[in-house]
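Working notes for the structure below.
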Amino acid sequence: MIGERHRWHAVRGHLHELDGDLTAAATAYAEAARRATNLAERDHLVRQAARARAGSTRPAGEPAREVRGRPGGGSGDR
């Protein structure tokens, strides 16, 4: 089943992040890391979860960081 694979959870994390829901992104990335069998992928997903978790704890009123490919972001909006 697709929900049993780590990539599905990683994509969910990415989509939550693009939507600005960093708490849900961190949870999805952490689940993807738990399911990953490749050490390099697991390490990357653990870092993604930590980054999203750190971003979700910013003080109220502080703007969210820009996400690449979104308005005001990096590459992809040319």
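In the structure tokens, chains take the letters A, B, ... in the order shown, each chain's residues start at 1, and ligands count up from 1 in the order shown.
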Name the residues in contact with Ser56 of chain A at a cut-off of 8 Å, using only C-alpha atoms, excluding same-chain residues fewer than 3 positions from it; report them as an mmCIF file with C-alpha atoms, in the first residue's frame.
data_model
loop_
_atom_site.group_PDB
_atom_site.id
_atom_site.type_symbol
_atom_site.label_atom_id
_atom_site.label_comp_id
_atom_site.auth_asym_id
_atom_site.auth_seq_id
_atom_site.Cartn_x
_atom_site.Cartn_y
_atom_site.Cartn_z
ATOM 1 C CA ASP A 21 1.638 23.944 8.248
ATOM 2 C CA LEU A 22 5.081 23.231 9.678
ATOM 3 C CA THR A 23 3.798 21.143 12.580
ATOM 4 C CA ALA A 52 10.157 22.120 10.071
ATOM 5 C CA ARG A 53 9.848 21.631 13.835
#
Atom CA of Ala25 of chain A to atom CA of Glu41 of chain A: how many Å, to one decimal?
->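 Going from atom CA of Ala25 of chain A over to atom CA of Glu41 of chain A, I get 16.3 Å.
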Shell of 10 Å around Glu4 of chain A, only C-alpha atoms, local chain residues under 3 positions omitted, as number ranges by chain | A: 1, 7-9, 31-32, 35
Any idea what's packed within 10 Å of Arg47 of chain A, counting only C-alpha atoms, ignoring anything in its chain fewer than 4 positions away? Could you give it as number ranges by chain?
-> A: 26, 29-30, 33, 41-43, 51-53
Just the selected residues (N, CA and C atoms), exported as a tab-separated table (two decimals), in the first residue's frame, please.
chain	number	residue	atom	x	y	z
A	26	ALA	N	6.47	18.53	9.93
A	26	ALA	CA	7.45	17.85	10.79
A	26	ALA	C	6.99	16.45	11.14
A	29	TYR	N	7.38	14.28	7.93
A	29	TYR	CA	8.80	14.00	7.67
A	29	TYR	C	9.34	12.97	8.66
A	30	ALA	N	8.95	13.10	9.93
A	30	ALA	CA	9.42	12.15	10.94
A	30	ALA	C	8.90	10.75	10.64
A	33	ALA	N	10.91	9.37	7.82
A	33	ALA	CA	12.22	8.94	8.30
A	33	ALA	C	12.13	7.59	9.00
A	41	GLU	N	18.70	8.65	3.02
A	41	GLU	CA	17.35	9.20	2.96
A	41	GLU	C	16.80	9.45	4.36
A	42	ARG	N	17.04	8.51	5.25
A	42	ARG	CA	16.57	8.66	6.63
A	42	ARG	C	17.19	9.90	7.28
A	43	ASP	N	18.50	10.08	7.11
A	43	ASP	CA	19.16	11.24	7.68
A	43	ASP	C	18.61	12.54	7.12
A	51	ARG	N	14.07	20.76	10.88
A	51	ARG	CA	13.97	22.10	10.32
A	51	ARG	C	12.52	22.59	10.39
A	52	ALA	N	11.58	21.74	10.02
A	52	ALA	CA	10.16	22.12	10.07
A	52	ALA	C	9.72	22.35	11.52
A	53	ARG	N	10.20	21.49	12.42
A	53	ARG	CA	9.85	21.63	13.83
A	53	ARG	C	10.39	22.95	14.38
